[in-house]
Each structure stands twice: as structure tokens, then as C-alpha cells.
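Take a look at the structure below.
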Amino acid sequence: MTDLSFTLGTELGSGPGRHGRTGTIHTPHGDIQTPAFIPVATKATVKTLTPEQIEQTGAQAILSNAYHLYLQPGADIVDEAGGVGRFENWSGPTYTDSGGFQVMSQGVGFQKTLTMEQKDGQDWGREKKSMARVDEEGVDFVSFIDGSRHRFTPEISMQIQHQLGADIIFAFDELTTLMDTRSYQEASVERTHRWAARCIDEHNRQTALREGRPLQSLWGVIQGAQYEDLRRQATRDLVELSDASVAAGQRGFGGYGIGGALEKENLGTIVGWVCDELPVDKPRHLLGISEPDDIFTAVEAGADTFDCVAPTRLARRGGVYTLDGRLNLVNAGFKRDFRGIDEEFGGYVSENYSRAYLRHLFKANEFLGMTLCTIHNLSFMIRLVDNVRASIEGGYFEEYRAEFMGRYYAKKK
């Protein structure tokens, strides 16, 4: 069976924190030319689009959510269908996240509670209205669907992701926020490391049990919040853990994810710290970014792939990207605007539908409006990253960034 590998392409330039490059991630279901934006298919679907429409946007791979697919329809059903790609009729490469972000962010991270730290004796289900509780073994959480209680551990996450069958899967990690104390961040990074070791063990066990299926690549997830020493140490420890596993004749990490809460102004710095410590022959995925300025920053610092729900979520509300910045097509000013969304950018939607028609669809609550704007936004984001890749290969990255950002953000100046 073919395993995942990475071929390095053109490097942007050497220097501390500057690790941008192009490359190719080889998977059992096809290659991913990097840098690449990976659309999010949360519940085995990019909302409002068919797989054929996703492919037409230029998408090379899609990412689904282990937490949501575990709750509905169940990982066993996806497994019986032949894996998440076959289940959703997508023939290209696939990613699944570990579920760690979702089980913790549902309550503790971002709803009623600002930090992961809780007082002794606190009732996690009622007192602070949180829906998750972390201990050394894993996380207890409450389903957002029906309130039922569940538990994820590193082993369970690996079992679920093997059943889902994606080409690239992620180790189970603990989500923290920027509000957590330094001492909690230290303890969390250590716990995530112990969980990563358990993920490698279970990944190897599941690979042996499921012999004959396409090999899946497990990627470690690097935490450490905004602290340089924690980020660097977490990275070094995960690389050492992977190397030790390989030396013992087992499979280690095929790549690395950069996770956790990141302040926008520190994004490039943090990605740079991590990539300073990572081996150049392993791909790097940055979880959850999609703003154009963040993409340029992340690519320059060394991120190879990234995902985010923002382009599709924005589209379902009538928000669209253009070369001159965002537009909200629901606004009254577009009522008689018969131009395409962005005629210079072009593409299927801009060439065939007017802003006035799209506004009409949203005002009339017609689903077609969401579909068309989603096609446009994904096409825009994917072409932007394709252009970034071409600019690295052509040696004009800085010039392209200045040109694009100067125009896209002109109205904000």
C-alpha cells in the first residue's frame, strides 16, 4: 500500500521564522500541490455543494470532522460505506481532525467559560454550563445534538479516524485558550504530548488490525499558545517521539498540525517558531485560517496547508470575496447591480450571475444563492493560494503579496 510522503519544491528563502516553500504531498488518493487551501466538509459535505462542484472550485482535498461524524451518522456506518471519501463520493485526498477542538470548544473553550481551568468540586454539566471536562485519560463531553454524554480518549479518537478512513488524520490534543494561565498551558502541553504517544501506539495497532486498507498518515498537533519556549519544546518533543517510534520499527508522524488559539498579530511569529524546529521533509498544516493576509503570513512562515470554515460560512450569509475586498450582497445597494460579483476575477459565478440576482436569491430565501456564493468564495480562496504557490516558484512572492493586499485591503486604510 502507498504511504504518504512529501516532496520539497521551491523554498522562499532562508532566515529565522521564514520557511515558506512549495511542495507536493503524496497520498493514496492523489497528490496535493502546496501551499494549498483545504475546504472543510464538516459532516462529510461542504455545505450546499456537490462533490463535483467542489472539484470545479479547484479544491485538491477536503477535511471532515471526526466529532460530528462520530455523533452522526456514526463512524461504523462511514467505515461500512468504504470510508469518508467513498461515503461522500469524493475521490481525492481527505483529512479528518481528531475531534479534540470540538469536544472542548463546545462548552469549556468558547461558550460560558473563558478558560479550561475549573475549581475543585465544580459540576461540569451545570454550574458553569460547560459541556466538556478534561482529565488525564481523555475528555467527557455532552452531545450538542441530544445532550447525551460521551467520552473521547486518544485511543478512541484513533479508532474513530481509522474507521473514517481519511488519508491524513490528527493526534488527539487538548484545546486551550489565550485566557488560560501559564501554568495550565505548561500542564496541557505535557498532557498533549502524553496523548500523542498514546495516539502513535493506537495508530500502529489499528494499522495492523486493518491490514489491506489504504495507509493513513497520523500528524502530531503542536500546542503551546503564545509562549515561544512552550511552542519550541512541544515541537521538539513531538519530533523526538516520532523518530523514536520509527527507530523501533513503528510508524511515526507523517506531518504536523499547528493548533491552539493564536492572536492574529502573532500568527507568523508562532508558525515560524514551530517551523524552525520541524524537519523540512514533513508537511505542516495550520488549523483554522482563511483571511488573505493571514494566508500570506502563514505561507511565508512555513505552513503548507490550511483549512477554515470562514469562506463557506460567509457565503451562506451573502458575503463574497473580490479583488477589492469583501462585499455583502444582501445590502440594498446591489438591488440593481447587474455586474458579476467580480468580473475581473471571473469564474463560473461571476460570468453567469449578477449581484442583483444573487441578492434576490438571498432576500427570497432561495438556497441557490448560498450554493453560488460558496462556489465563488472557494474558487477565490483556492485560486489565491494557487497564485501564492506560483509566486514562490516564480520568485515574485513579495511583489504579489504587496499588489494583492494593497488592493484587497485598500478600503480599510
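Following the order of the C-alpha cells, chains are lettered A, B, ..., residues in each are numbered from 1, and ligands are numbered from 1.
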
Kindly provide the residues of region 26-110 of chain A that approach region 342-349 of chain A to within 12 Å, each paired with its closest atom pair and their distance in Å to one decimal, based on only C-alpha atoms, listed by chain and increasing number, as JSON lines.
```
{"residue": "A:Gln53", "atom": "CA", "partner": "A:Tyr348", "partner_atom": "CA", "distance": 10.7}
{"residue": "A:Gln56", "atom": "CA", "partner": "A:Tyr348", "partner_atom": "CA", "distance": 9.2}
{"residue": "A:Thr57", "atom": "CA", "partner": "A:Gly347", "partner_atom": "CA", "distance": 9.0}
{"residue": "A:Gly58", "atom": "CA", "partner": "A:Gly347", "partner_atom": "CA", "distance": 11.1}
```

Could you save those same residues with C-alpha atoms as a PDB file, in the first residue's frame?
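Printed below is part.pdb as written:
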```pdb
ATOM      1  CA  GLN A  53     -18.965  21.372  -7.634  1.00  0.00           C
ATOM      2  CA  GLN A  56     -14.756  22.554 -10.030  1.00  0.00           C
ATOM      3  CA  THR A  57     -13.539  25.144  -7.498  1.00  0.00           C
ATOM      4  CA  GLY A  58     -10.041  23.696  -7.861  1.00  0.00           C
TER       5      GLY A  58
END
```

Set the distance at 8 Å and use only C-alpha atoms: which residues neighbour region 251-259 of chain A once local chain neighbours fewer than 4 positions away are removed? I'd like the list as a list in words.
Leu4, Ser5, Phe170, Ile200, Asn204, Ser217, Leu218, Trp219, Gly220, Val221, Ile222, Gln223, Val239, Leu241, Ser242, Asp243, Ala244, Ser245, Val246, Val271, Val274, Lys282, Pro283, Arg284, His285, Leu286 and Leu287 of chain A

Looking only at alpha helix (DSSP H) from DSSP on the backbone, list the matching residues of region 148-325 of chain A as a VMD selection string.
chain A and resid 154 to 164 182 to 209 228 to 247 267 to 277 292 to 301 310 to 315

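Distances here use only C-alpha atoms; by that measure, the residue among A:Gln159, A:Asn377, A:Asn65, A:Ser350 closest to Arg316 (chain A) is A:Asn377.
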
Between A:Met405, A:Ala364, A:Val40, A:Val84, which residue has the minimum interatomic distance to Ala61 (chain A), considering only C-alpha atoms?
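With only C-alpha atoms as the atom set, the closest residue is A:Val40.
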
Could you name the residues that touch region 90-106 of chain A at 7 Å or less, counting only C-alpha atoms, but leaving out those on the same chain fewer than 6 positions away, as a PyMOL selection string?
chain A and resi 27+29-30+51+60-67+131-132+141+157+161+166-175

Please, could you write that set of residues out with N, CA and C atoms as a CSV table (one decimal), in the first residue's frame?
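Heads up, here's the output in selection31.csv:
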```csv
chain,number,residue,atom,x,y,z
A,27,THR,N,-0.5,11.2,-1.4
A,27,THR,CA,-1.4,10.4,-0.6
A,27,THR,C,-1.9,9.2,-1.5
A,29,HIS,N,-4.7,8.7,-2.4
A,29,HIS,CA,-5.8,9.1,-3.2
A,29,HIS,C,-5.4,10.3,-4.1
A,30,GLY,N,-4.1,10.6,-4.3
A,30,GLY,CA,-3.7,11.6,-5.1
A,30,GLY,C,-2.8,12.6,-4.5
A,51,PRO,N,-20.0,17.1,-4.6
A,51,PRO,CA,-18.6,16.8,-4.8
A,51,PRO,C,-18.1,17.3,-6.1
A,60,GLN,N,-8.2,20.5,-4.0
A,60,GLN,CA,-7.4,19.3,-4.1
A,60,GLN,C,-7.7,18.3,-3.1
A,61,ALA,N,-8.2,18.7,-1.9
A,61,ALA,CA,-8.6,17.8,-0.8
A,61,ALA,C,-9.6,18.5,0.0
A,62,ILE,N,-10.3,17.7,0.9
A,62,ILE,CA,-11.3,18.2,1.8
A,62,ILE,C,-11.0,17.6,3.2
A,63,LEU,N,-11.5,18.4,4.2
A,63,LEU,CA,-11.3,18.0,5.6
A,63,LEU,C,-12.7,17.8,6.3
A,64,SER,N,-12.9,16.6,6.9
A,64,SER,CA,-14.1,16.4,7.6
A,64,SER,C,-13.8,16.3,9.1
A,65,ASN,N,-14.9,16.3,9.9
A,65,ASN,CA,-14.8,16.4,11.3
A,65,ASN,C,-15.2,15.1,12.1
A,66,ALA,N,-14.2,14.6,12.8
A,66,ALA,CA,-14.4,13.3,13.5
A,66,ALA,C,-15.5,13.4,14.5
A,67,TYR,N,-15.5,14.5,15.2
A,67,TYR,CA,-16.5,14.7,16.3
A,67,TYR,C,-18.0,14.6,15.7
A,131,MET,N,-19.7,22.0,28.6
A,131,MET,CA,-20.1,20.7,28.1
A,131,MET,C,-19.0,19.7,27.9
A,132,ALA,N,-17.9,20.0,28.5
A,132,ALA,CA,-16.7,19.1,28.5
A,132,ALA,C,-15.9,19.2,29.7
A,141,PHE,N,-17.7,14.7,27.4
A,141,PHE,CA,-18.4,15.8,26.8
A,141,PHE,C,-19.9,15.4,26.5
A,157,SER,N,-10.2,8.4,19.7
A,157,SER,CA,-10.1,9.2,18.5
A,157,SER,C,-9.4,8.5,17.4
A,161,GLN,N,-11.1,7.7,13.7
A,161,GLN,CA,-10.5,8.2,12.5
A,161,GLN,C,-10.0,7.1,11.6
A,166,ALA,N,-9.7,8.5,6.4
A,166,ALA,CA,-9.1,9.6,5.7
A,166,ALA,C,-7.6,9.4,5.5
A,167,ASP,N,-7.1,10.0,4.5
A,167,ASP,CA,-5.6,9.8,4.2
A,167,ASP,C,-4.8,10.4,5.3
A,168,ILE,N,-5.2,11.6,5.8
A,168,ILE,CA,-4.5,12.3,6.8
A,168,ILE,C,-5.3,12.5,8.1
A,169,ILE,N,-4.8,12.0,9.2
A,169,ILE,CA,-5.6,12.1,10.5
A,169,ILE,C,-4.7,12.8,11.5
A,170,PHE,N,-5.3,13.4,12.5
A,170,PHE,CA,-4.6,14.2,13.5
A,170,PHE,C,-4.6,13.5,14.9
A,171,ALA,N,-3.5,13.7,15.6
A,171,ALA,CA,-3.5,13.2,17.0
A,171,ALA,C,-4.4,14.0,17.9
A,172,PHE,N,-4.9,13.3,18.9
A,172,PHE,CA,-5.9,13.9,19.8
A,172,PHE,C,-5.1,14.9,20.8
A,173,ASP,N,-5.5,16.1,20.8
A,173,ASP,CA,-4.8,17.1,21.6
A,173,ASP,C,-5.8,17.9,22.5
A,174,GLU,N,-5.2,18.6,23.4
A,174,GLU,CA,-6.1,19.4,24.3
A,174,GLU,C,-6.1,20.9,23.8
A,175,LEU,N,-7.3,21.4,23.6
A,175,LEU,CA,-7.5,22.8,23.2
A,175,LEU,C,-7.4,23.6,24.5
```

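Each of A:Gly74, A:Pro28, A:Gly13, A:Gly260 was compared to Thr192 (chain A) using only C-alpha atoms, and A:Gly260 turns out to be the nearest.
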
Closest of A:Ser379, A:Thr312, A:Lys43, A:Asp3 to Asp31 (chain A) - atom-to-atom distances counting only C-alpha atoms:
A:Asp3

What's the 8 Å shell around Ile160 (chain A), counting only C-alpha atoms, without same-chain residues fewer than 4 positions away, as a PDB file with N, CA and C atoms, in the first residue's frame?
```pdb
ATOM      1  N   ALA A  66     -14.193  14.601  12.773  1.00  0.00           N
ATOM      2  CA  ALA A  66     -14.375  13.321  13.458  1.00  0.00           C
ATOM      3  C   ALA A  66     -15.463  13.398  14.523  1.00  0.00           C
ATOM      4  N   TYR A  70     -18.731  11.098  14.225  1.00  0.00           N
ATOM      5  CA  TYR A  70     -18.919  10.128  15.311  1.00  0.00           C
ATOM      6  C   TYR A  70     -20.343  10.214  15.862  1.00  0.00           C
ATOM      7  N   ALA A  75     -19.212   6.504  13.118  1.00  0.00           N
ATOM      8  CA  ALA A  75     -18.018   6.120  12.363  1.00  0.00           C
ATOM      9  C   ALA A  75     -18.137   4.723  11.780  1.00  0.00           C
ATOM     10  N   ILE A 156      -9.687   6.279  21.473  1.00  0.00           N
ATOM     11  CA  ILE A 156     -10.987   6.346  20.818  1.00  0.00           C
ATOM     12  C   ILE A 156     -10.913   7.236  19.573  1.00  0.00           C
ATOM     13  N   LEU A 164     -13.141   6.199   9.836  1.00  0.00           N
ATOM     14  CA  LEU A 164     -13.488   7.206   8.833  1.00  0.00           C
ATOM     15  C   LEU A 164     -12.606   7.079   7.597  1.00  0.00           C
TER      16      LEU A 164
END
```

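CA of Ala261 (chain A) to CA of Thr177 (chain A) spans 5.5 Å [interatomic distance, one decimal].
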
Would you compute the distance between CA of Leu178 (chain A) and CA of Ser143 (chain A)? Give it in Å to one decimal.
24.9 Å
